[in-house]
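Trainee: Take this structure first; my questions come after.
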Protein chains: 2
Amino acid sequence: MARISPLQQARSAYQPKLPPALRNGAIVAVKEGAPTTAAGDVEAVKSLFPCTFGSPELTFEAGEKKAFPALNVGVILSGGQAPGGHNVIAGLFDGIKSLNKDSRLFGFLKGPDGLVKGEYMELTSDIIDAYRNTGGFDIIGSGRTKLETVEQFEKAKENCGKLGVTALVIIGGDDSNTNACVLAEYFKKTGAGILVAGCPKTIDGDLKNEYIEASFGFDTACRVYSELIGNLCRDANSAKKYWHFVKLMGRSASHIALECALQTQPNWCIISEEVAAKKMTLGEIVDGIAGAVVARAEKGCNFGIVLIPEGLIEFIPEIKVLIGELNELLAKYEGEVNSLDAAGKAAFAAGKLSASSAAVFNSLPEGIRKQLCNDRDPHGNVQVSLIETEKMLAEMVRAKLKDLKAQGKYAGKFGTQTHFFGYEGRCAAPSNFDADYCYSLGFNAAALLGAGRTGYMSSVRNTIESADKWIAGGIPITMMMNMERRHGADKPVIRKALVELDGAPFKYFASHRAEWAVETAYVYPGPIQYFGPSSVCDLTTMTLKLEKKGTL
Amino acid sequence: MARISPLQQARSAYQPKLPPALRNGAIVAVKEGAPTTAAGDVEAVKSLFPCTFGSPELTFEAGEKKAFPALNVGVILSGGQAPGGHNVIAGLFDGIKSLNKDSRLFGFLKGPDGLVKGEYMELTSDIIDAYRNTGGFDIIGSGRTKLETVEQFEKAKENCGKLGVTALVIIGGDDSNTNACVLAEYFKKTGAGILVAGCPKTIDGDLKNEYIEASFGFDTACRVYSELIGNLCRDANSAKKYWHFVKLMGRSASHIALECALQTQPNWCIISEEVAAKKMTLGEIVDGIAGAVVARAEKGCNFGIVLIPEGLIEFIPEIKVLIGELNELLAKYEGEVNSLDAAGKAAFAAGKLSASSAAVFNSLPEGIRKQLCNDRDPHGNVQVSLIETEKMLAEMVRAKLKDLKAQGKYAGKFGTQTHFFGYEGRCAAPSNFDADYCYSLGFNAAALLGAGRTGYMSSVRNTIESADKWIAGGIPITMMMNMERRHGADKPVIRKALVELDGAPFKYFASHRAEWAVETAYVYPGPIQYFGPSSVCDLTTMTLKLEKKGTL
């Protein structure tokens, strides 16, 4: 018998809260809105989704219990882990069981691959119960294969057929939900008789829009990182000798960095979207941090906290150009550079870059120059997540401070520690918010399927209020799409939500950051709590609060 | 008004539990044991501490309330942060107030320096209340200055005199408590009329013995690290593509790594003390990990978790020799190497090492060779905490696996992520255990001082039971001392507690690790809980449970 931690044991009994519409089960009264359109490029999207385009937005109200045929459903976890995935599955399980107790749930293993290869396990109540309110995607595993080709779709149809599966739920990010919609369209067009619903997942927080308030996992991941950042703030303020440079996961978007900044009030936080909008140079970014270090040193505070979004480096225009040139150079001269180590490649590249890129390249610390010349990903691109931006900035700020010291403009001490928080938060057990939200998304997906709808994303709204005010329903995925250029072709995609510089979360941050930079205004959120007063346990993100209410 | 997190707000109301002897206040009935001796080198210790040596062990029982003169007490935080320091101070404050409501508490700022320089702040109830149950040492700051010289002692006496302070509490690790005892001796010998008590602090867990069950902060820090390690375990088991190499703080001793291994059941955990005892080579350590990787790959599990104690590198005999040679070489040829960068120094050193050390040196990854040649600390020693052992081992295991693959003995995939957890845990808000234990230690220190005792360490025992069975008392610091060679001289020191290979915690680990290596037997402890059922909130470490009960 496997040992289970005391917390996991106690937490397994938690019954997640549902929106009122679902409290009577997954048979709901469906309220249809007007036909919908697309987020952009309407005609193009419409032509690609003739069968699913224009479906109405749906809102659910509690339905009457009635006889309903048993439903065999397949579920897939797609892409990176996010806290609460197991609860989506548990909610889906309970939802289809509420339709008919003989409904069955099949989990396709290791992501979309399992659907294509027909690798699955039946998820019975024993298994579901062991995973309720836990973190991770280990119940069935996840994977990054993209469902895009007709061949895959046909395999999927065949494998569903073998199991009598007539409905699929795909739990994933923007790309996976786009693909869920393409699959829904294909199944509808070909009369496969398989419904498809999507659930919005990603810790990065970049899958949200007017209709989808938040992607699940964002709340929990940000809380884990904020716990740690708060602890570092406390440490910095106690030891009074280090500047901590903290890189945070989140891919392109800076939602995680921004949310963590709102929660902890660090001395500095870089928002990639602002860097891009203002066309900031690396030098300007370094000068900004160095300015805060100098100002704090003058107050006797030789310590601080700097938050750095993972995707930063690609948002700095001059670095973007440099990376582009490097990608081309290393591909063009593959034969000559392949045998060289990173240092050799860096030296080779330095001689062939344009003058402006060479200047930028040579301004970077040696270690970073090498990292930029490291092995490419399968698409020939530099792997930006492997660039240690936090060390780069710490070194460059140190160099800047040395100059300032020589000019008599700085007299402090500058010690640094660097950190990267990412993997620590993706599989944390879900907060109450994510436990409730995920369970509701899954249960709600059962309602969507029960109502015979396809090509919808499960939607639970009004989530800054308590769950008894949450609104369940469905949003046509096509409604969120526009066309974007990807790998040289126009593709329908759900528009990625970046941090909006005129949105309330950024504006709140921007209006406080000058004070936070100089003062020691740290807030210490502490660890996620599951059992305490509601003021401590039933929180949602500050981002969402600011977006929906405009204030905290 | 500073913003305070909801958790900090809710948690400030927590009233820590006290041992029964202190529930009536800090006036206690003192039960004296027989006169004590020293842990070793009795005559030498005795001759150095003629006034405080041999004091009896003390046990407290609840006393009658009675009139007691007001007491002015000074308190110092010494050395690295540990969760619960603020509660020691809060307990001390409440303790001396229970003796007499006009008692006053002065906090000397930034560690022992504040005592020597006379920099202090009075800790009033407003201030104390704002810091109850919080992490960090920011209430008065800490510092690493050692109190060792007569000049410092005289300054301390003078500064205490100015404030009417007749008792000092020094909160620190083994060295700080040793120095507390030297100061107690000096004050007693010179008739200064100032009592001194110590409190056992360090997350490293290496200040413990027959009389002191645990140093405070160890429980909380290990819980924070175990939360994160558990999350990484879940992530590894979900993504199924990374081996995570996690370095853990803890200086020389491997208590933290061992406790985290007991809590999370990772695939591999290195215990430095075992490496030293078995005179293991770096190659053997690498082979061990690679063996687990191969065994798991054969089961289709290309992922895992490896824990590495911070101090490892100094425990590997051949590396210890190498570091010794490097220290000497870099000092001897200072003139020639000073202008070189780390790579230049490494190349220079490689040519001058003994044959065996050169072989070891050349077997190390390039980055590590450079780190070993980096700037020395003020004592001319390599700064081992800056060596990225986690990256070193990941790289060396990768090289080993490449060999095994070439020999047809391994066919898996090996992706890695590296982490260092340390600063994230030192200033976490204390767990219930540490909140209670620290508050009790502080309150109990007030009882020691109220009883007129000096040269004692505050002792709270029987802590694997609930607080109503805790035993309060005092242990003469001299009782824990022996003589050790430090910087070429014999000095009295409290013996550092390393992991005992015949102790129950290590034996439990050793009897399970073969299974944990190959199976996926992870346990997910989750975040520290403050409000839930007692089974979740009122825990203590597995180390302590195993030490005291022999089983979990």
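Residue numbering restarts at 1 for every chain of the structure tokens, chains are lettered A, B, ... in their displayed order, and ligands are numbered from 1 as they appear.
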Determine which residues of chain A sit within 8 Å of chain B, taking into account only C-alpha atoms, and present them as an MDAnalysis selection string.

Mentor: chainID A and resid 2:8 10 80:81 135:139 141:143 228:229 231:232 234:235 237:240 423:429 521 523:533 535:536

Trainee: Please give the complete set of residues from region 62-138 of chain B that DSSP, run on the backbone, assigns to alpha helix (DSSP H), formatted as a ChimeraX atom specification.

Mentor: /B:85-99,112-117,125-131

Trainee: Within 9 Å of region 206-209 of chain B, counting only C-alpha atoms, which residues qualify if same-chain residues fewer than 2 places away don't, as a VMD selection string?

Mentor: chain B and resid 173 to 174 200 to 204 211 to 215 250 252 to 255 480 494 to 499

Trainee: Which residues are near Ala67 (chain A)? Cut-off 10 Å, only C-alpha atoms, ignore same chain within fewer than 3 positions. Put them as a PyMOL selection string.

Mentor: chain A and resi 27+64+70+99-100

Trainee: Please identify the strand (DSSP E) residues within region 369-482 of chain A (assignment by DSSP from backbone atoms) and present them as a ChimeraX atom specification.

Mentor: /A:416-421,456-461,471-476,481-482

Trainee: Write to file, as a tab-separated table (two decimals), in the first residue's frame, the residues of the selection just made, with N, CA, C and O atoms.

Mentor:
```tsv
chain	number	residue	atom	x	y	z
A	416	THR	N	24.25	38.91	-5.12
A	416	THR	CA	23.05	38.41	-5.81
A	416	THR	C	22.83	36.92	-5.57
A	416	THR	O	23.77	36.16	-5.29
A	417	GLN	N	21.58	36.52	-5.68
A	417	GLN	CA	21.18	35.12	-5.76
A	417	GLN	C	20.20	35.03	-6.92
A	417	GLN	O	19.38	35.95	-7.09
A	418	THR	N	20.27	33.96	-7.69
A	418	THR	CA	19.33	33.82	-8.80
A	418	THR	C	18.47	32.57	-8.61
A	418	THR	O	18.90	31.59	-7.99
A	419	HIS	N	17.26	32.63	-9.13
A	419	HIS	CA	16.30	31.53	-8.99
A	419	HIS	C	15.46	31.41	-10.26
A	419	HIS	O	15.26	32.40	-10.96
A	420	PHE	N	14.98	30.23	-10.50
A	420	PHE	CA	13.99	30.03	-11.57
A	420	PHE	C	12.86	29.19	-11.00
A	420	PHE	O	13.08	28.05	-10.60
A	421	PHE	N	11.69	29.76	-10.93
A	421	PHE	CA	10.52	29.03	-10.42
A	421	PHE	C	9.61	28.66	-11.58
A	421	PHE	O	9.15	29.54	-12.31
A	456	TYR	N	-17.48	23.38	-28.50
A	456	TYR	CA	-17.60	24.39	-27.44
A	456	TYR	C	-16.45	24.28	-26.44
A	456	TYR	O	-15.91	23.20	-26.22
A	457	MET	N	-16.15	25.41	-25.82
A	457	MET	CA	-15.27	25.37	-24.67
A	457	MET	C	-16.14	25.48	-23.43
A	457	MET	O	-17.10	26.26	-23.39
A	458	SER	N	-15.81	24.66	-22.46
A	458	SER	CA	-16.53	24.69	-21.19
A	458	SER	C	-16.26	26.05	-20.53
A	458	SER	O	-15.11	26.46	-20.41
A	459	SER	N	-17.30	26.71	-20.11
A	459	SER	CA	-17.14	28.06	-19.58
A	459	SER	C	-17.83	28.21	-18.22
A	459	SER	O	-19.01	27.88	-18.06
A	460	VAL	N	-17.08	28.67	-17.25
A	460	VAL	CA	-17.63	28.96	-15.93
A	460	VAL	C	-17.24	30.39	-15.61
A	460	VAL	O	-16.05	30.72	-15.58
A	461	ARG	N	-18.24	31.23	-15.42
A	461	ARG	CA	-17.96	32.65	-15.28
A	461	ARG	C	-18.43	33.25	-13.97
A	461	ARG	O	-19.03	32.58	-13.16
A	471	ILE	N	-21.59	31.17	-13.13
A	471	ILE	CA	-22.46	30.94	-14.29
A	471	ILE	C	-21.84	29.88	-15.19
A	471	ILE	O	-20.69	30.03	-15.63
A	472	ALA	N	-22.59	28.82	-15.43
A	472	ALA	CA	-22.09	27.73	-16.27
A	472	ALA	C	-22.63	27.90	-17.69
A	472	ALA	O	-23.70	28.46	-17.89
A	473	GLY	N	-21.85	27.39	-18.65
A	473	GLY	CA	-22.32	27.47	-20.02
A	473	GLY	C	-21.26	27.01	-21.00
A	473	GLY	O	-20.33	26.29	-20.62
A	474	GLY	N	-21.41	27.42	-22.26
A	474	GLY	CA	-20.45	27.01	-23.28
A	474	GLY	C	-20.22	28.13	-24.27
A	474	GLY	O	-21.12	28.92	-24.54
A	475	ILE	N	-19.00	28.21	-24.74
A	475	ILE	CA	-18.62	29.24	-25.70
A	475	ILE	C	-18.13	28.53	-26.97
A	475	ILE	O	-17.22	27.69	-26.89
A	476	PRO	N	-18.71	28.87	-28.13
A	476	PRO	CA	-18.21	28.25	-29.36
A	476	PRO	C	-16.72	28.63	-29.53
A	476	PRO	O	-16.37	29.80	-29.42
A	481	MET	N	-11.61	32.77	-32.31
A	481	MET	CA	-10.52	32.58	-33.28
A	481	MET	C	-10.30	33.76	-34.20
A	481	MET	O	-11.19	34.55	-34.46
A	482	ASN	N	-9.09	33.85	-34.65
A	482	ASN	CA	-8.76	34.66	-35.82
A	482	ASN	C	-7.69	33.91	-36.60
A	482	ASN	O	-7.31	32.80	-36.22
```

Trainee: Which polymer residues have any atom within 8 Å of an atom of Ala411 (chain A), counting only C-alpha atoms, with same-chain residues fewer than 6 positions away left out, as a list in words?

Mentor: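 Result of the neighbour search: Ala297, Glu298 and Lys405 of chain A.
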
Trainee: Kindly export the residues of the current selection with C-alpha atoms, as a PDB file, in the first residue's frame.

Mentor:
```
ATOM      1  CA  ALA A 297      21.528  51.680  -1.406  1.00  0.00           C
ATOM      2  CA  GLU A 298      21.180  55.358  -0.588  1.00  0.00           C
ATOM      3  CA  LYS A 405      30.734  53.309  -8.499  1.00  0.00           C
TER       4      LYS A 405
END
```

Trainee: Given the choices B:Lys402, B:Arg453, B:His487, B:Lys345, which gets closest to His379 (chain B) if the distance is worked out from only C-alpha atoms?

Mentor: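 Using only C-alpha atoms, His379 (chain B) sits closest to B:His487.
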